[in-house]
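Heads up, input-v4.txt below (compact mmCIF, C-alpha atoms):
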# COMPACT_ATOMS: atom_id res chain seq x y z
CA MET A 901 10.97 -32.48 -23.79
CA LEU A 902 8.45 -34.61 -25.66
CA THR A 903 5.00 -34.18 -24.15
CA ARG A 904 2.67 -36.25 -26.34
CA ILE A 905 2.14 -38.56 -29.27
CA ASP A 906 1.18 -35.83 -31.76
CA HIS A 907 0.11 -38.17 -34.54
CA ILE A 908 0.57 -41.49 -36.28
CA GLY A 909 1.21 -41.04 -40.00
CA ILE A 910 -0.48 -43.69 -42.17
CA ALA A 911 0.26 -44.03 -45.89
CA CYS A 912 -2.73 -44.76 -48.12
CA ARG A 913 -3.40 -44.87 -51.85
CA ASP A 914 -6.83 -43.22 -51.78
CA LEU A 915 -7.27 -40.56 -49.10
CA ASP A 916 -11.03 -40.26 -49.51
CA ALA A 917 -11.50 -44.03 -49.12
CA SER A 918 -9.22 -44.10 -46.10
CA VAL A 919 -11.05 -41.20 -44.46
CA GLU A 920 -14.33 -43.00 -45.07
CA PHE A 921 -12.95 -46.21 -43.53
CA TYR A 922 -11.90 -44.43 -40.33
CA ARG A 923 -15.22 -42.56 -40.15
CA SER A 924 -17.56 -45.46 -40.80
CA THR A 925 -15.60 -48.07 -38.81
CA TYR A 926 -14.49 -46.06 -35.78
CA GLY A 927 -16.36 -42.75 -35.90
CA PHE A 928 -13.25 -40.56 -36.30
CA GLU A 929 -13.93 -37.27 -38.06
CA VAL A 930 -11.67 -35.14 -40.23
CA ALA A 931 -10.35 -32.09 -38.37
CA HIS A 932 -8.26 -30.74 -41.23
CA VAL A 933 -7.16 -31.50 -44.82
CA GLU A 934 -4.29 -29.90 -46.70
CA VAL A 935 -1.79 -30.51 -49.49
CA ASN A 936 1.88 -30.30 -48.52
CA GLU A 937 3.57 -29.61 -51.86
CA GLU A 938 7.08 -29.90 -50.43
CA GLN A 939 6.39 -33.43 -49.18
CA GLY A 940 4.20 -34.33 -52.15
CA VAL A 941 1.21 -35.46 -50.09
CA ARG A 942 -2.43 -34.70 -49.50
CA GLU A 943 -3.14 -35.32 -45.84
CA ALA A 944 -6.13 -35.54 -43.52
CA MET A 945 -5.88 -35.10 -39.75
CA LEU A 946 -8.38 -37.12 -37.68
CA ARG A 947 -8.47 -36.09 -34.03
CA VAL A 948 -8.54 -39.09 -31.67
CA ASN A 949 -8.12 -37.61 -28.19
CA GLY A 950 -6.97 -34.60 -26.19
CA THR A 951 -3.62 -34.81 -24.37
CA ASP A 952 -2.60 -33.52 -20.96
CA ASP A 953 -0.18 -30.98 -22.45
CA GLY A 954 -3.18 -29.08 -23.86
CA HIS A 955 -2.91 -30.44 -27.39
CA ALA A 956 -4.26 -33.60 -29.06
CA THR A 957 -3.32 -36.84 -30.78
CA TYR A 958 -4.33 -37.36 -34.40
CA LEU A 959 -4.22 -39.95 -37.11
CA GLN A 960 -2.60 -38.41 -40.18
CA LEU A 961 -3.68 -40.10 -43.41
CA LEU A 962 -1.21 -39.47 -46.24
CA GLU A 963 -1.87 -39.88 -49.98
CA PRO A 964 0.94 -39.13 -52.43
CA VAL A 965 0.26 -36.45 -55.03
CA ARG A 966 3.32 -37.25 -57.14
CA GLU A 967 5.29 -40.40 -57.92
CA ASP A 968 8.63 -39.17 -56.59
CA SER A 969 7.30 -38.26 -53.14
CA PRO A 970 8.64 -40.19 -50.13
CA VAL A 971 5.15 -41.54 -49.40
CA ALA A 972 4.75 -42.83 -52.99
CA LYS A 973 8.06 -44.65 -52.64
CA PHE A 974 7.00 -46.03 -49.26
CA LEU A 975 3.76 -47.37 -50.79
CA ALA A 976 5.62 -48.98 -53.69
CA ARG A 977 7.98 -50.73 -51.27
CA ASN A 978 5.70 -51.58 -48.34
CA GLY A 979 2.10 -51.10 -49.37
CA GLU A 980 -0.35 -49.22 -47.19
CA GLY A 981 0.32 -48.95 -43.46
CA VAL A 982 2.01 -46.97 -40.72
CA HIS A 983 4.53 -44.54 -42.21
CA HIS A 984 5.82 -42.61 -39.18
CA VAL A 985 5.28 -41.70 -35.53
CA ALA A 986 5.31 -38.07 -34.39
CA PHE A 987 6.02 -36.74 -30.90
CA GLY A 988 4.96 -33.26 -29.82
CA THR A 989 7.28 -30.78 -28.11
CA PRO A 990 7.06 -27.10 -27.13
CA ASP A 991 10.28 -26.32 -29.05
CA VAL A 992 11.19 -28.38 -32.12
CA ALA A 993 14.53 -26.62 -32.75
CA ALA A 994 15.81 -27.15 -29.20
CA GLU A 995 14.46 -30.70 -29.04
CA THR A 996 16.00 -31.83 -32.32
CA ALA A 997 19.32 -30.23 -31.34
CA ALA A 998 19.27 -32.22 -28.08
CA ILE A 999 18.32 -35.43 -29.91
CA GLY A 1000 21.00 -34.84 -32.54
CA ALA A 1001 23.56 -34.47 -29.76
CA THR A 1002 22.82 -38.07 -28.68
CA GLY A 1003 23.99 -39.29 -32.10
CA VAL A 1004 20.63 -39.66 -33.87
CA ARG A 1005 20.69 -38.22 -37.38
CA VAL A 1006 18.22 -35.33 -37.80
CA LEU A 1007 17.06 -35.32 -41.43
CA ASP A 1008 15.98 -31.66 -41.50
CA SER A 1009 18.73 -29.18 -40.73
CA ALA A 1010 16.06 -26.59 -39.92
CA PRO A 1011 12.41 -27.26 -39.00
CA ARG A 1012 9.99 -27.14 -41.92
CA ALA A 1013 6.25 -26.80 -42.40
CA GLY A 1014 4.00 -29.58 -41.10
CA SER A 1015 0.23 -30.01 -40.78
CA MET A 1016 -1.97 -27.25 -39.40
CA GLY A 1017 0.79 -24.66 -39.19
CA SER A 1018 3.15 -26.85 -37.18
CA ARG A 1019 6.93 -26.91 -37.49
CA ILE A 1020 8.49 -30.34 -37.87
CA ALA A 1021 11.73 -32.28 -38.28
CA PHE A 1022 12.29 -35.94 -39.08
CA LEU A 1023 14.83 -38.33 -37.52
CA HIS A 1024 16.57 -41.14 -39.41
CA PRO A 1025 14.63 -44.40 -38.94
CA LYS A 1026 17.85 -46.45 -38.85
CA ASP A 1027 18.86 -44.51 -35.72
CA CYS A 1028 15.40 -44.97 -34.16
CA GLY A 1029 14.87 -48.74 -34.16
CA GLY A 1030 13.28 -48.79 -37.61
CA VAL A 1031 10.69 -46.13 -36.75
CA LEU A 1032 10.62 -43.05 -38.98
CA THR A 1033 10.20 -40.47 -36.20
CA GLU A 1034 8.97 -36.89 -36.47
CA ILE A 1035 9.24 -34.13 -33.89
CA VAL A 1036 6.39 -31.59 -34.00
CA GLN A 1037 5.87 -28.15 -32.52
CA ALA A 1038 2.21 -27.22 -32.85
CA ALA A 1039 1.23 -23.84 -34.29
CA GLY A 1040 1.33 -21.23 -31.53
CA ALA A 1041 3.39 -23.45 -29.23
CA GLY A 1042 6.78 -22.59 -27.81
CA GLU A 1043 8.51 -19.68 -26.13
CA HIS A 1044 8.59 -17.61 -29.27
CA GLY A 1045 4.89 -17.90 -30.02
CA ARG A 1046 5.49 -19.62 -33.33
CA MET B 1461 -16.55 -45.75 -28.97
CA LEU B 1462 -12.79 -45.34 -29.28
CA THR B 1463 -11.58 -42.66 -26.87
CA ARG B 1464 -7.79 -42.61 -27.23
CA ILE B 1465 -4.66 -43.95 -28.86
CA ASP B 1466 -3.83 -46.48 -26.15
CA HIS B 1467 -0.41 -47.42 -27.47
CA ILE B 1468 1.83 -47.87 -30.47
CA GLY B 1469 3.39 -51.35 -30.55
CA ILE B 1470 7.00 -51.38 -31.76
CA ALA B 1471 8.83 -54.62 -32.55
CA CYS B 1472 12.46 -54.80 -31.43
CA ARG B 1473 15.14 -57.48 -31.21
CA ASP B 1474 16.61 -56.39 -27.85
CA LEU B 1475 14.12 -54.97 -25.38
CA ASP B 1476 16.72 -53.65 -22.95
CA ALA B 1477 18.56 -51.80 -25.73
CA SER B 1478 15.30 -50.38 -27.07
CA VAL B 1479 14.21 -49.21 -23.60
CA GLU B 1480 17.59 -47.55 -23.16
CA PHE B 1481 17.27 -45.80 -26.55
CA TYR B 1482 13.87 -44.32 -25.66
CA ARG B 1483 15.11 -43.30 -22.20
CA SER B 1484 18.40 -41.72 -23.20
CA THR B 1485 17.16 -40.08 -26.43
CA TYR B 1486 13.71 -38.84 -25.38
CA GLY B 1487 13.50 -39.25 -21.61
CA PHE B 1488 10.64 -41.79 -21.65
CA GLU B 1489 10.61 -44.08 -18.60
CA VAL B 1490 9.35 -47.64 -18.25
CA ALA B 1491 5.97 -47.82 -16.50
CA HIS B 1492 5.62 -51.60 -16.69
CA VAL B 1493 7.33 -54.75 -18.02
CA GLU B 1494 5.78 -58.17 -18.45
CA VAL B 1495 6.03 -61.39 -20.44
CA ASN B 1496 2.91 -62.38 -22.39
CA GLU B 1497 3.42 -66.12 -22.88
CA GLU B 1498 0.38 -66.48 -25.14
CA GLN B 1499 1.74 -63.90 -27.59
CA GLY B 1500 5.36 -64.98 -27.09
CA VAL B 1501 6.68 -61.51 -26.23
CA ARG B 1502 8.40 -59.61 -23.48
CA GLU B 1503 7.04 -56.10 -23.49
CA ALA B 1504 7.76 -52.75 -21.87
CA MET B 1505 5.20 -49.96 -21.60
CA LEU B 1506 6.59 -46.40 -21.74
CA ARG B 1507 4.05 -43.75 -20.77
CA VAL B 1508 4.12 -40.75 -23.12
CA ASN B 1509 1.10 -38.63 -22.08
CA GLY B 1510 -2.21 -38.61 -20.29
CA THR B 1511 -5.41 -38.61 -22.36
CA ASP B 1512 -8.68 -36.78 -21.83
CA ASP B 1513 -10.60 -40.01 -21.20
CA GLY B 1514 -8.66 -40.43 -17.93
CA HIS B 1515 -6.15 -42.95 -19.29
CA ALA B 1516 -2.82 -42.56 -21.09
CA THR B 1517 -0.93 -43.24 -24.31
CA TYR B 1518 2.10 -45.53 -24.22
CA LEU B 1519 4.80 -46.87 -26.45
CA GLN B 1520 4.80 -50.66 -26.20
CA LEU B 1521 8.19 -52.18 -27.01
CA LEU B 1522 7.91 -55.84 -28.01
CA GLU B 1523 10.72 -58.42 -28.03
CA PRO B 1524 9.93 -61.99 -29.10
CA VAL B 1525 10.65 -64.74 -26.57
CA ARG B 1526 10.19 -67.59 -29.06
CA GLU B 1527 10.83 -68.02 -32.78
CA ASP B 1528 7.25 -68.93 -33.69
CA SER B 1529 5.70 -65.83 -32.12
CA PRO B 1530 3.96 -63.32 -34.41
CA VAL B 1531 6.48 -60.62 -33.45
CA ALA B 1532 9.43 -62.89 -34.32
CA LYS B 1533 7.86 -63.51 -37.73
CA PHE B 1534 7.26 -59.78 -38.17
CA LEU B 1535 10.93 -59.05 -37.40
CA ALA B 1536 12.12 -61.69 -39.85
CA ARG B 1537 9.93 -60.20 -42.59
CA ASN B 1538 10.16 -56.48 -41.89
CA GLY B 1539 12.94 -55.80 -39.43
CA GLU B 1540 12.41 -53.57 -36.43
CA GLY B 1541 9.66 -50.95 -36.53
CA VAL B 1542 6.02 -50.21 -35.86
CA HIS B 1543 4.08 -53.45 -35.38
CA HIS B 1544 0.56 -52.26 -34.50
CA VAL B 1545 -1.64 -49.38 -33.38
CA ALA B 1546 -4.01 -49.76 -30.42
CA PHE B 1547 -7.13 -47.72 -29.69
CA GLY B 1548 -8.67 -47.58 -26.22
CA THR B 1549 -12.36 -48.14 -25.53
CA PRO B 1550 -14.50 -48.55 -22.40
CA ASP B 1551 -15.89 -51.88 -23.69
CA VAL B 1552 -13.76 -54.06 -25.96
CA ALA B 1553 -16.42 -56.73 -26.50
CA ALA B 1554 -19.10 -54.28 -27.59
CA GLU B 1555 -16.64 -52.26 -29.69
CA THR B 1556 -15.23 -55.23 -31.57
CA ALA B 1557 -18.76 -56.54 -32.19
CA ALA B 1558 -19.69 -53.18 -33.70
CA ILE B 1559 -16.52 -53.07 -35.80
CA GLY B 1560 -17.03 -56.66 -36.93
CA ALA B 1561 -20.54 -55.74 -38.08
CA THR B 1562 -18.99 -53.24 -40.54
CA GLY B 1563 -17.20 -56.14 -42.27
CA VAL B 1564 -13.77 -55.87 -40.65
CA ARG B 1565 -12.43 -59.27 -39.57
CA VAL B 1566 -11.89 -59.48 -35.81
CA LEU B 1567 -9.00 -61.89 -35.19
CA ASP B 1568 -9.95 -62.75 -31.60
CA SER B 1569 -13.39 -64.28 -31.18
CA ALA B 1570 -13.27 -63.29 -27.50
CA PRO B 1571 -11.07 -60.62 -25.88
CA ARG B 1572 -7.81 -61.91 -24.44
CA ALA B 1573 -5.19 -60.68 -21.98
CA GLY B 1574 -3.16 -57.59 -22.90
CA SER B 1575 -0.63 -55.43 -21.05
CA MET B 1576 -1.25 -54.28 -17.49
CA GLY B 1577 -4.41 -56.32 -17.00
CA SER B 1578 -6.15 -54.98 -20.12
CA ARG B 1579 -8.46 -56.97 -22.38
CA ILE B 1580 -7.69 -56.79 -26.09
CA ALA B 1581 -8.71 -57.93 -29.55
CA PHE B 1582 -6.90 -57.55 -32.87
CA LEU B 1583 -8.39 -56.61 -36.25
CA HIS B 1584 -7.15 -57.97 -39.58
CA PRO B 1585 -4.63 -55.54 -41.09
CA LYS B 1586 -5.87 -56.23 -44.63
CA ASP B 1587 -9.26 -54.85 -43.59
CA CYS B 1588 -7.66 -51.80 -41.91
CA GLY B 1589 -5.56 -50.23 -44.67
CA GLY B 1590 -2.47 -52.28 -43.85
CA VAL B 1591 -2.47 -51.32 -40.16
CA LEU B 1592 -2.54 -54.19 -37.65
CA THR B 1593 -5.08 -52.65 -35.27
CA GLU B 1594 -5.77 -53.55 -31.64
CA ILE B 1595 -8.75 -52.56 -29.51
CA VAL B 1596 -7.96 -52.23 -25.78
CA GLN B 1597 -10.08 -52.01 -22.67
CA ALA B 1598 -7.88 -50.90 -19.77
CA ALA B 1599 -7.96 -52.82 -16.49
CA GLY B 1600 -10.84 -51.60 -14.39
CA ALA B 1601 -12.55 -49.87 -17.33
CA GLY B 1602 -16.02 -50.62 -18.60
CA GLU B 1603 -19.53 -51.00 -17.29
CA HIS B 1604 -18.82 -54.35 -15.71
CA GLY B 1605 -15.74 -53.20 -13.82
CA ARG B 1606 -13.46 -55.60 -15.68
Show me this structure written as structure tokens.
Amino acid sequence: MLTRIDHIGIACRDLDASVEFYRSTYGFEVAHVEVNEEQGVREAMLRVNGTDDGHATYLQLLEPVREDSPVAKFLARNGEGVHHVAFGTPDVAAETAAIGATGVRVLDSAPRAGSMGSRIAFLHPKDCGGVLTEIVQAAGAGEHGR
Amino acid sequence: MLTRIDHIGIACRDLDASVEFYRSTYGFEVAHVEVNEEQGVREAMLRVNGTDDGHATYLQLLEPVREDSPVAKFLARNGEGVHHVAFGTPDVAAETAAIGATGVRVLDSAPRAGSMGSRIAFLHPKDCGGVLTEIVQAAGAGEHGR
């Protein structure tokens, strides 16, 4: 079960400038910044609102830290803009298994590390109407306390 | 003040097929369908979660109903995928005036009709890091009861 929009991932060339744009234009503040070496990005999470499943929806600003990262390739092809949409679930492994059973290709055979201690898996955009889609289990969420 | 992600607008070629994908894959149900003649789209709103400002976040699936509509042009250029991101506010006129004062181009000089009786205005994507951005005041929201 998907219970929220967890975040919208936005690719940018200069994370600090993008953070400043969202702060000065809209008043959104940075809740968290980290580097995800596996994905080759530096990312900032800006909390927008709380959600009725007890979590929140964020903007995730993504700056590539190496040229061969997926986000660097996205920027070279498309320029800055929306990179992916992420839905939150209590159980990413069960949810992606159920989604995979409908015929959608799950790009991560096992969930991997996302922002703020979450566990995530991506779905193939060609199977999702052109939307690169991520499934997220927040840190501490789920039956197993992960 | 922006208090929520109101919706993510997703351009599609076949609204019924897209609705069926989101229903059968994720379990999202249609809350509302309408044709917006001014924008040249048929659109379905799928409610994802409630938000802590008393409203909700939706996916908005957009199918063009004429070839010269902005969404038809988007599809011809980019294919299916995320078209825009919309933030909710209690007062779209005041909010867009404040945003315009920061130097961002507001594409609608006065708010116009959005989904489900809302009032909306778009911001220029080149001023928003490549993200076509919409500001939304829900029906019944705001000081003036609009």
Exercise for the section: Can you pull out every residue within 8 Å of B:Ile1468, counting only C-alpha atoms, but drop anything in the same chain fewer than 5 positions away, and send it as a ChimeraX atom specification? Expected result: /B:1518-1520,1542-1546
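Here is the contact set of chain A against chain B, at 7 Å and counting all atoms listed in the file: Leu902, Thr903, Arg904, Ile905, Thr925, Tyr926, Val948, Asn949, Gly950, Thr951, Asp952, Glu980, Gly981, Val982, Ile999, Thr1002, Gly1029, Gly1030 and Val1031 of chain A.
Nearest residue to B:Ala1601, choosing from B:Val1566, B:Ala1581, B:Val1552, B:Ala1557 and counting only C-alpha atoms: B:Val1552.
Put simply, atom CA of A:Gly988 is 21.8 Å away from atom CA of A:Pro970.
Within 12 Å of stretch 934-936 of chain A, once all atoms listed in the file are used and residues closer than 2 positions along the same chain are dropped, the contacting residues are Leu915, Val930, Ala931, His932, Glu938, Gln939, Gly940, Val941, Arg942, Glu943, Ala944, Met945, Gln960, Leu961, Leu962, Glu963, Pro964, Val965, Arg966, Ser969, Val971, Arg1012, Ala1013, Gly1014, Ser1015, Met1016, Gly1017 and Ser1018 of chain A.
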Practice task
Mind giving me the straight-line distance from atom CA of A:Val1036 to atom CA of B:Leu1535 in Å, one decimal?
Solution key: 28.0 Å
Fill in the blank from the handout: Using all atoms listed in the file, the best pick from B:Asp1474, B:Glu1480, B:Asp1528, B:Asp1568 as closest to B:Glu1497 would be B:Asp1528
Problem - Distance of atom CA of A:Asp906 from atom CA of B:Arg1565, expressed in Å to one decimal place - result: 28.2 Å
Test item: residues at most 7 Å from A:Pro1011, all atoms listed in the file, excluding those fewer than 4 positions along its chain, as an mmCIF file with C-alpha atoms, keeping the file's coordinate frame:
data_model
loop_
_atom_site.group_PDB
_atom_site.id
_atom_site.type_symbol
_atom_site.label_atom_id
_atom_site.label_comp_id
_atom_site.auth_asym_id
_atom_site.auth_seq_id
_atom_site.Cartn_x
_atom_site.Cartn_y
_atom_site.Cartn_z
ATOM 1 C CA ALA A 993 14.530 -26.620 -32.750
ATOM 2 C CA ARG A 1019 6.930 -26.910 -37.490
ATOM 3 C CA ILE A 1020 8.490 -30.340 -37.870
ATOM 4 C CA ALA A 1021 11.730 -32.280 -38.280
#
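Restricting the calculation to only C-alpha atoms, the smallest distance between B:Ala1554 and any of B:Lys1533, B:Ile1595, B:Glu1527, B:Phe1582 is found for B:Ile1595.
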